[in-house]
Structure formats: C-alpha cells, structure tokens
>>> print(open('work_24.pdb').read())   # PDB, C-alpha atoms, pLDDT in the B column
ATOM      1  CA  MET A   1      29.323  -4.456  20.486  1.00 45.00           C
ATOM      2  CA  SER A   2      29.108  -6.923  23.366  1.00 48.00           C
ATOM      3  CA  SER A   3      26.107  -9.149  23.831  1.00 65.00           C
ATOM      4  CA  ASN A   4      25.148  -7.048  26.886  1.00 88.00           C
ATOM      5  CA  ASN A   5      24.729  -3.917  24.767  1.00 95.00           C
ATOM      6  CA  LEU A   6      22.767  -3.620  21.546  1.00 97.00           C
ATOM      7  CA  GLN A   7      22.110  -0.815  19.104  1.00 98.00           C
ATOM      8  CA  ILE A   8      18.807  -1.165  17.310  1.00 98.00           C
ATOM      9  CA  GLY A   9      17.942   0.938  14.296  1.00 98.00           C
ATOM     10  CA  ILE A  10      14.228   1.716  14.065  1.00 98.00           C
ATOM     11  CA  ILE A  11      12.689   2.850  10.797  1.00 98.00           C
ATOM     12  CA  SER A  12       9.195   3.246   9.380  1.00 98.00           C
ATOM     13  CA  ASP A  13       7.312   4.617   6.414  1.00 97.00           C
ATOM     14  CA  THR A  14      10.009   4.259   3.771  1.00 97.00           C
ATOM     15  CA  HIS A  15       7.294   4.055   1.097  1.00 96.00           C
ATOM     16  CA  GLY A  16       9.654   2.410  -1.392  1.00 96.00           C
ATOM     17  CA  HIS A  17      12.598   4.786  -0.914  1.00 96.00           C
ATOM     18  CA  LEU A  18      15.630   4.157   1.281  1.00 95.00           C
ATOM     19  CA  HIS A  19      17.237   7.481   2.214  1.00 94.00           C
ATOM     20  CA  LYS A  20      20.924   7.610   1.268  1.00 94.00           C
ATOM     21  CA  LYS A  21      21.956   8.283   4.909  1.00 96.00           C
ATOM     22  CA  ILE A  22      20.371   5.069   6.248  1.00 97.00           C
ATOM     23  CA  SER A  23      23.307   2.809   5.425  1.00 96.00           C
ATOM     24  CA  ASP A  24      25.686   5.110   7.329  1.00 97.00           C
ATOM     25  CA  ILE A  25      23.371   5.631  10.299  1.00 97.00           C
ATOM     26  CA  PHE A  26      22.597   1.917  10.617  1.00 98.00           C
ATOM     27  CA  SER A  27      26.124   0.710   9.705  1.00 96.00           C
ATOM     28  CA  SER A  28      26.921  -0.495  13.238  1.00 96.00           C
ATOM     29  CA  VAL A  29      23.503  -1.596  14.472  1.00 98.00           C
ATOM     30  CA  ASP A  30      22.926  -5.102  15.787  1.00 98.00           C
ATOM     31  CA  HIS A  31      19.289  -5.264  14.652  1.00 98.00           C
ATOM     32  CA  ILE A  32      16.857  -3.231  12.545  1.00 98.00           C
ATOM     33  CA  ILE A  33      13.137  -2.889  13.186  1.00 98.00           C
ATOM     34  CA  HIS A  34      10.919  -1.629  10.352  1.00 98.00           C
ATOM     35  CA  ALA A  35       7.455  -0.558  11.519  1.00 98.00           C
ATOM     36  CA  GLY A  36       5.677  -0.819   8.176  1.00 97.00           C
ATOM     37  CA  ASP A  37       4.730   1.037   5.007  1.00 97.00           C
ATOM     38  CA  ILE A  38       7.884  -0.415   3.529  1.00 98.00           C
ATOM     39  CA  GLY A  39       6.861   0.114  -0.092  1.00 97.00           C
ATOM     40  CA  ASN A  40       8.596  -2.867  -1.695  1.00 95.00           C
ATOM     41  CA  LYS A  41      10.579  -5.934  -0.708  1.00 95.00           C
ATOM     42  CA  ASP A  42      13.834  -4.462  -2.059  1.00 96.00           C
ATOM     43  CA  ILE A  43      13.862  -2.139   0.969  1.00 97.00           C
ATOM     44  CA  LEU A  44      13.868  -5.183   3.244  1.00 97.00           C
ATOM     45  CA  PHE A  45      16.664  -6.830   1.271  1.00 96.00           C
ATOM     46  CA  SER A  46      18.773  -3.652   1.459  1.00 97.00           C
ATOM     47  CA  LEU A  47      18.283  -3.410   5.221  1.00 98.00           C
ATOM     48  CA  GLN A  48      19.124  -7.104   5.674  1.00 97.00           C
ATOM     49  CA  LEU A  49      22.567  -6.376   4.221  1.00 97.00           C
ATOM     50  CA  LEU A  50      23.182  -4.138   7.252  1.00 98.00           C
ATOM     51  CA  ALA A  51      21.767  -6.266  10.104  1.00 98.00           C
ATOM     52  CA  PRO A  52      19.021  -8.785  10.919  1.00 98.00           C
ATOM     53  CA  VAL A  53      15.594  -7.232  10.331  1.00 98.00           C
ATOM     54  CA  THR A  54      12.286  -7.617  12.136  1.00 98.00           C
ATOM     55  CA  ALA A  55       9.503  -5.950  10.155  1.00 98.00           C
ATOM     56  CA  VAL A  56       5.729  -5.652   9.902  1.00 97.00           C
ATOM     57  CA  TYR A  57       3.627  -4.596   6.952  1.00 98.00           C
ATOM     58  CA  GLY A  58       1.774  -1.289   6.893  1.00 97.00           C
ATOM     59  CA  ASN A  59      -1.591  -0.195   5.548  1.00 97.00           C
ATOM     60  CA  SER A  60      -0.128   0.953   2.215  1.00 96.00           C
ATOM     61  CA  ASP A  61       2.018  -2.140   1.600  1.00 97.00           C
ATOM     62  CA  ASP A  62       0.886  -4.354  -1.271  1.00 96.00           C
ATOM     63  CA  PHE A  63       0.743  -8.149  -1.469  1.00 96.00           C
ATOM     64  CA  SER A  64       4.435  -8.507  -2.384  1.00 94.00           C
ATOM     65  CA  VAL A  65       5.333  -7.109   1.057  1.00 97.00           C
ATOM     66  CA  ARG A  66       2.347  -8.475   2.990  1.00 97.00           C
ATOM     67  CA  SER A  67       3.108 -12.003   1.786  1.00 97.00           C
ATOM     68  CA  LEU A  68       6.487 -11.825   3.565  1.00 96.00           C
ATOM     69  CA  LEU A  69       5.436 -10.205   6.840  1.00 97.00           C
ATOM     70  CA  LYS A  70       2.830 -10.115   9.600  1.00 96.00           C
ATOM     71  CA  GLU A  71       0.729  -7.215  10.864  1.00 94.00           C
ATOM     72  CA  ASN A  72       2.204  -7.558  14.390  1.00 91.00           C
ATOM     73  CA  GLU A  73       5.541  -8.889  15.603  1.00 92.00           C
ATOM     74  CA  THR A  74       7.007  -9.551  19.006  1.00 89.00           C
ATOM     75  CA  LEU A  75      10.647  -9.830  19.881  1.00 92.00           C
ATOM     76  CA  THR A  76      12.674 -10.193  23.082  1.00 91.00           C
ATOM     77  CA  LEU A  77      16.151  -8.704  23.348  1.00 93.00           C
ATOM     78  CA  LEU A  78      18.164  -8.400  26.584  1.00 93.00           C
ATOM     79  CA  GLY A  79      15.020  -9.039  28.628  1.00 90.00           C
ATOM     80  CA  TYR A  80      12.973  -6.316  26.903  1.00 91.00           C
ATOM     81  CA  HIS A  81       9.723  -7.383  25.252  1.00 90.00           C
ATOM     82  CA  PHE A  82       9.061  -5.615  21.958  1.00 93.00           C
ATOM     83  CA  CYS A  83       5.635  -5.196  20.364  1.00 90.00           C
ATOM     84  CA  ILE A  84       5.847  -3.920  16.781  1.00 93.00           C
ATOM     85  CA  ARG A  85       2.952  -2.845  14.579  1.00 92.00           C
ATOM     86  CA  HIS A  86       2.420  -0.192  11.940  1.00 95.00           C
ATOM     87  CA  ILE A  87      -0.712   1.515  13.229  1.00 93.00           C
ATOM     88  CA  GLY A  88      -0.071   1.994  16.900  1.00 80.00           C
ATOM     89  CA  THR A  89      -2.288   1.996  19.857  1.00 68.00           C
ATOM     90  CA  ASN A  90      -1.973   3.898  23.091  1.00 60.00           C
ATOM     91  CA  PRO A  91      -0.444   1.295  25.429  1.00 58.00           C
ATOM     92  CA  VAL A  92      -1.742   3.063  28.537  1.00 54.00           C
ATOM     93  CA  ALA A  93      -5.328   3.555  27.339  1.00 52.00           C
ATOM     94  CA  ASN A  94      -5.558  -0.008  26.072  1.00 54.00           C
ATOM     95  CA  ASN A  95      -4.144  -1.629  29.211  1.00 54.00           C
ATOM     96  CA  LEU A  96      -1.258  -3.164  27.279  1.00 55.00           C
ATOM     97  CA  ILE A  97       1.319  -2.213  29.875  1.00 54.00           C
ATOM     98  CA  ASN A  98       2.343  -4.683  32.526  1.00 57.00           C
ATOM     99  CA  SER A  99       4.466  -2.602  34.894  1.00 56.00           C
ATOM    100  CA  GLN A 100       6.323  -5.752  35.946  1.00 58.00           C
ATOM    101  CA  GLU A 101       7.817  -6.163  32.482  1.00 71.00           C
ATOM    102  CA  ARG A 102      10.204  -4.016  30.507  1.00 79.00           C
ATOM    103  CA  GLN A 103       8.321  -3.378  27.271  1.00 87.00           C
ATOM    104  CA  ILE A 104       9.011  -1.405  24.138  1.00 93.00           C
ATOM    105  CA  PHE A 105       6.125  -0.533  21.809  1.00 92.00           C
ATOM    106  CA  ILE A 106       7.131   0.487  18.298  1.00 95.00           C
ATOM    107  CA  ASN A 107       4.861   1.792  15.577  1.00 95.00           C
ATOM    108  CA  GLY A 108       4.918   4.081  12.568  1.00 96.00           C
ATOM    109  CA  HIS A 109       2.035   5.376  10.429  1.00 95.00           C
ATOM    110  CA  THR A 110       1.705   8.904  11.848  1.00 92.00           C
ATOM    111  CA  HIS A 111       4.946  10.199  10.265  1.00 93.00           C
ATOM    112  CA  VAL A 112       5.539  12.019  13.568  1.00 92.00           C
ATOM    113  CA  ALA A 113       8.635  11.042  15.527  1.00 95.00           C
ATOM    114  CA  LEU A 114       7.857  10.436  19.188  1.00 94.00           C
ATOM    115  CA  ILE A 115       9.505   8.849  22.213  1.00 96.00           C
ATOM    116  CA  LYS A 116       7.527   8.483  25.453  1.00 92.00           C
ATOM    117  CA  GLN A 117       8.221   6.654  28.676  1.00 86.00           C
ATOM    118  CA  PHE A 118       5.481   5.068  30.825  1.00 77.00           C
ATOM    119  CA  ASP A 119       7.088   3.527  33.927  1.00 74.00           C
ATOM    120  CA  SER A 120       9.053   0.540  32.582  1.00 76.00           C
ATOM    121  CA  THR A 121       7.579   0.833  29.074  1.00 82.00           C
ATOM    122  CA  SER A 122       9.007   2.830  26.180  1.00 89.00           C
ATOM    123  CA  TYR A 123       6.867   3.959  23.249  1.00 92.00           C
ATOM    124  CA  ILE A 124       8.801   4.752  20.069  1.00 96.00           C
ATOM    125  CA  ASN A 125       7.613   6.073  16.715  1.00 96.00           C
ATOM    126  CA  PRO A 126      10.636   6.820  14.491  1.00 97.00           C
ATOM    127  CA  GLY A 127       8.596   9.098  12.238  1.00 96.00           C
ATOM    128  CA  ALA A 128       8.811   8.659   8.470  1.00 96.00           C
ATOM    129  CA  ALA A 129      12.089   7.885   6.721  1.00 96.00           C
ATOM    130  CA  VAL A 130      10.928   9.935   3.733  1.00 93.00           C
ATOM    131  CA  ILE A 131       9.553  13.448   3.491  1.00 87.00           C
ATOM    132  CA  THR A 132       5.838  13.577   2.739  1.00 77.00           C
ATOM    133  CA  ILE A 133       3.021  16.074   3.068  1.00 74.00           C
ATOM    134  CA  ARG A 134       2.586  15.069   6.725  1.00 73.00           C
ATOM    135  CA  ASN A 135       6.199  15.509   7.835  1.00 75.00           C
ATOM    136  CA  LYS A 136       8.737  18.176   6.961  1.00 82.00           C
ATOM    137  CA  LYS A 137      11.783  16.173   8.090  1.00 91.00           C
ATOM    138  CA  ALA A 138      12.577  12.531   7.486  1.00 96.00           C
ATOM    139  CA  SER A 139      13.678  10.636  10.590  1.00 97.00           C
ATOM    140  CA  VAL A 140      14.593   7.294  12.124  1.00 98.00           C
ATOM    141  CA  ALA A 141      15.274   6.248  15.717  1.00 98.00           C
ATOM    142  CA  MET A 142      18.206   4.587  17.398  1.00 98.00           C
ATOM    143  CA  LEU A 143      17.687   2.492  20.511  1.00 98.00           C
ATOM    144  CA  HIS A 144      20.663   1.895  22.789  1.00 97.00           C
ATOM    145  CA  LEU A 145      19.806  -1.178  24.818  1.00 94.00           C
ATOM    146  CA  SER A 146      21.600  -2.705  27.785  1.00 93.00           C
ATOM    147  CA  GLU A 147      20.398  -5.087  30.463  1.00 88.00           C
ATOM    148  CA  ASN A 148      19.779  -2.092  32.753  1.00 88.00           C
ATOM    149  CA  ASN A 149      18.754   0.679  30.386  1.00 89.00           C
ATOM    150  CA  ALA A 150      16.877   1.447  27.180  1.00 92.00           C
ATOM    151  CA  LYS A 151      17.554   4.888  25.698  1.00 95.00           C
ATOM    152  CA  ALA A 152      16.066   5.963  22.386  1.00 96.00           C
ATOM    153  CA  GLU A 153      16.880   8.990  20.271  1.00 98.00           C
ATOM    154  CA  ILE A 154      15.388  10.445  17.105  1.00 98.00           C
ATOM    155  CA  ILE A 155      17.813  11.051  14.246  1.00 98.00           C
ATOM    156  CA  TYR A 156      16.715  13.513  11.559  1.00 96.00           C
ATOM    157  CA  LEU A 157      17.956  12.740   8.057  1.00 93.00           C
TER     158      LEU A 157
END
>>> encode(input="work_24.pdb", output="structure tokens")
Amino acid sequence: MSSNNLQIGIISDTHGHLHKKISDIFSSVDHIIHAGDIGNKDILFSLQLLAPVTAVYGNSDDFSVRSLLKENETLTLLGYHFCIRHIGTNPVANNLINSQERQIFINGHTHVALIKQFDSTSYINPGAAVITIRNKKASVAMLHLSENNAKAEIIYL
C-alpha cells in the first residue's frame, strides 16, 4: 500500500485468546490498534508479527500487560489524530471534539461494535474479538485511511 493510503486493523477485548481468523484479516494491514483487555503479552507479540502495534491496557489486564502499556495513547497517521483508550468516553458530551481537526476515537470495553461519525471525528469500537456473555459475535474493525477519507467497517469473525 502507498504511504498515502493505510489499512489499520482495530481490535479489542481479546481476553487472552487470538481468534484464528485474525492473522488472515490483518495480513495486509499497515498498523494494528488494540484497545485493551488484551489478556496476556503473547497476544501483543503475535500481533506485532503482522504489523506495528499501538495498544493500551484494559481494566481486566494484569501487571504483565500494564507494565508494557499506558491507559491512553495518541497517534497521528496521515493527518488524523487518534485517541485510544479501553473505557471510552462520549467525545461529544465531554467536549473532546475540535471540529477543526480530523480525529478518530477508539475504545473497547463494551463488547459492542460501533462506528459513529461526528462532523470530522470518527468514533470506533471494534467490539470484542472473542465471544462472551455480552456479545454473541466476535468482531474487529478495519479502517481504510487516506489523506482525504477515513472509512471504517466492522468485520464479524
């Protein structure tokens, strides 16, 4: 992929298990974002074999994961400003949106996949990458990023 187009795999709530379809789905991504509740550091190492990883720890991650990561991360790719955290916040209600900037908020925790657009800001929750009591289908998200467009999609596993 050219430097003017990026594919970003977005994953959350793996809880120590990396679904067998992840390596195929993320095989051609340029970057991976993990929004917490990773489960163990081996998940991070497996994802790093596919692409560079930006990750945050979640509320159920233990010290072995927390010692490697932060609670919040920021990242800038192709002029888009990313804010990544496990337990999200409503960017509109909390006045976190600056309509002059192209921003992408990413969080996990709810196990509910969601993509919302607020003016120039995208809000993405990839859902949970494992099936739990709270979600009937495991999912991840794929973000197709160019200098002029950010388009996200949910992929059910």
>>> residues_near_point(input="work_24.pdb", point="(23.9, -4.9, 20.5)", cutoff="10 Å", atoms="only C-alpha atoms", output="PyMOL selection string")
chain A and resi 1-8+28-31+77-78+143-146
>>> write_last_selection(input="work_24.pdb", atoms="C-alpha atoms", output="PDB file, keeping the file's coordinate frame")
ATOM      1  CA  MET A   1      29.323  -4.456  20.486  1.00 45.00           C
ATOM      2  CA  SER A   2      29.108  -6.923  23.366  1.00 48.00           C
ATOM      3  CA  SER A   3      26.107  -9.149  23.831  1.00 65.00           C
ATOM      4  CA  ASN A   4      25.148  -7.048  26.886  1.00 88.00           C
ATOM      5  CA  ASN A   5      24.729  -3.917  24.767  1.00 95.00           C
ATOM      6  CA  LEU A   6      22.767  -3.620  21.546  1.00 97.00           C
ATOM      7  CA  GLN A   7      22.110  -0.815  19.104  1.00 98.00           C
ATOM      8  CA  ILE A   8      18.807  -1.165  17.310  1.00 98.00           C
ATOM      9  CA  SER A  28      26.921  -0.495  13.238  1.00 96.00           C
ATOM     10  CA  VAL A  29      23.503  -1.596  14.472  1.00 98.00           C
ATOM     11  CA  ASP A  30      22.926  -5.102  15.787  1.00 98.00           C
ATOM     12  CA  HIS A  31      19.289  -5.264  14.652  1.00 98.00           C
ATOM     13  CA  LEU A  77      16.151  -8.704  23.348  1.00 93.00           C
ATOM     14  CA  LEU A  78      18.164  -8.400  26.584  1.00 93.00           C
ATOM     15  CA  LEU A 143      17.687   2.492  20.511  1.00 98.00           C
ATOM     16  CA  HIS A 144      20.663   1.895  22.789  1.00 97.00           C
ATOM     17  CA  LEU A 145      19.806  -1.178  24.818  1.00 94.00           C
ATOM     18  CA  SER A 146      21.600  -2.705  27.785  1.00 93.00           C
TER      19      SER A 146
END
>>> closest_residue(input="work_24.pdb", among="A:Lys41, A:His19, A:Arg66, A:Arg85", to="Asn125 (chain A)", atoms="only C-alpha atoms")
A:Arg85
>>> resolve_selection(input="work_24.pdb", expression="the PyMOL selection byres ((chain A and resi 112) around 12)", output="PyMOL selection string")
chain A and resi 11-13+88+107-111+113-115+124-141+154+156
>>> resolve_selection(input="work_24.pdb", expression="the PyMOL selection byres ((chain A and resi 57) around 6)", output="short mmCIF file (atom, residue, chain, number, x, y, z; two decimals) with C-alpha atoms, in the coordinates of the input")
data_model
loop_
_atom_site.label_atom_id
_atom_site.label_comp_id
_atom_site.auth_asym_id
_atom_site.auth_seq_id
_atom_site.Cartn_x
_atom_site.Cartn_y
_atom_site.Cartn_z
CA GLY A 36 5.68 -0.82 8.18
CA VAL A 56 5.73 -5.65 9.90
CA GLY A 58 1.77 -1.29 6.89
CA ARG A 66 2.35 -8.48 2.99
CA LEU A 69 5.44 -10.20 6.84
CA GLU A 71 0.73 -7.22 10.86
#
>>> atom_distance(input="work_24.pdb", atom1="CA of Asn40 (chain A)", atom2="CA of Leu68 (chain A)")
10.6 Å
>>> atom_distance(input="work_24.pdb", atom1="CA of Met142 (chain A)", atom2="CA of Asp62 (chain A)")
27.0 Å
>>> closest_residue(input="work_24.pdb", among="A:Lys116, A:Lys70, A:Tyr123, A:Leu44", to="Phe82 (chain A)", atoms="only C-alpha atoms")
A:Tyr123
>>> atom_distance(input="work_24.pdb", atom1="CA of Phe63 (chain A)", atom2="CA of Asp37 (chain A)")
11.9 Å
>>> closest_residue(input="work_24.pdb", among="A:Ile10, A:Ile43, A:Ile106, A:Ile32", to="Thr74 (chain A)", atoms="all atoms listed in the file")
A:Ile106
>>> closest_residue(input="work_24.pdb", among="A:Leu75, A:Ala55, A:Thr121, A:Gln48", to="Lys151 (chain A)", atoms="only C-alpha atoms")
A:Thr121
>>> closest_residue(input="work_24.pdb", among="A:Ile38, A:Gln117, A:Ala51, A:Cys83", to="Ser64 (chain A)", atoms="only C-alpha atoms")
A:Ile38
>>> residues_near_point(input="work_24.pdb", point="(10.2, 4.7, 36.5)", cutoff="12 Å", atoms="only C-alpha atoms", output="mmCIF file with C-alpha atoms, keeping the file's coordinate frame")
data_model
loop_
_atom_site.group_PDB
_atom_site.id
_atom_site.type_symbol
_atom_site.label_atom_id
_atom_site.label_comp_id
_atom_site.auth_asym_id
_atom_site.auth_seq_id
_atom_site.Cartn_x
_atom_site.Cartn_y
_atom_site.Cartn_z
ATOM 1 C CA SER A 99 4.466 -2.602 34.894
ATOM 2 C CA GLN A 100 6.323 -5.752 35.946
ATOM 3 C CA GLU A 101 7.817 -6.163 32.482
ATOM 4 C CA ARG A 102 10.204 -4.016 30.507
ATOM 5 C CA LYS A 116 7.527 8.483 25.453
ATOM 6 C CA GLN A 117 8.221 6.654 28.676
ATOM 7 C CA PHE A 118 5.481 5.068 30.825
ATOM 8 C CA ASP A 119 7.088 3.527 33.927
ATOM 9 C CA SER A 120 9.053 0.540 32.582
ATOM 10 C CA THR A 121 7.579 0.833 29.074
ATOM 11 C CA SER A 122 9.007 2.830 26.180
ATOM 12 C CA ASN A 149 18.754 0.679 30.386
ATOM 13 C CA ALA A 150 16.877 1.447 27.180
#
>>> axis_aligned_box(input="work_24.pdb", around="region 115-126 of chain A", padding_each_side="4 Å", output="JSON")
{"center_x": 8.1, "center_y": 4.7, "center_z": 24.2, "size_x": 13.2, "size_y": 16.3, "size_z": 27.4}
>>> closest_residue(input="work_24.pdb", among="A:Leu157, A:Ile104, A:Ala152, A:Val53", to="Thr76 (chain A)", atoms="all atoms listed in the file")
A:Ile104
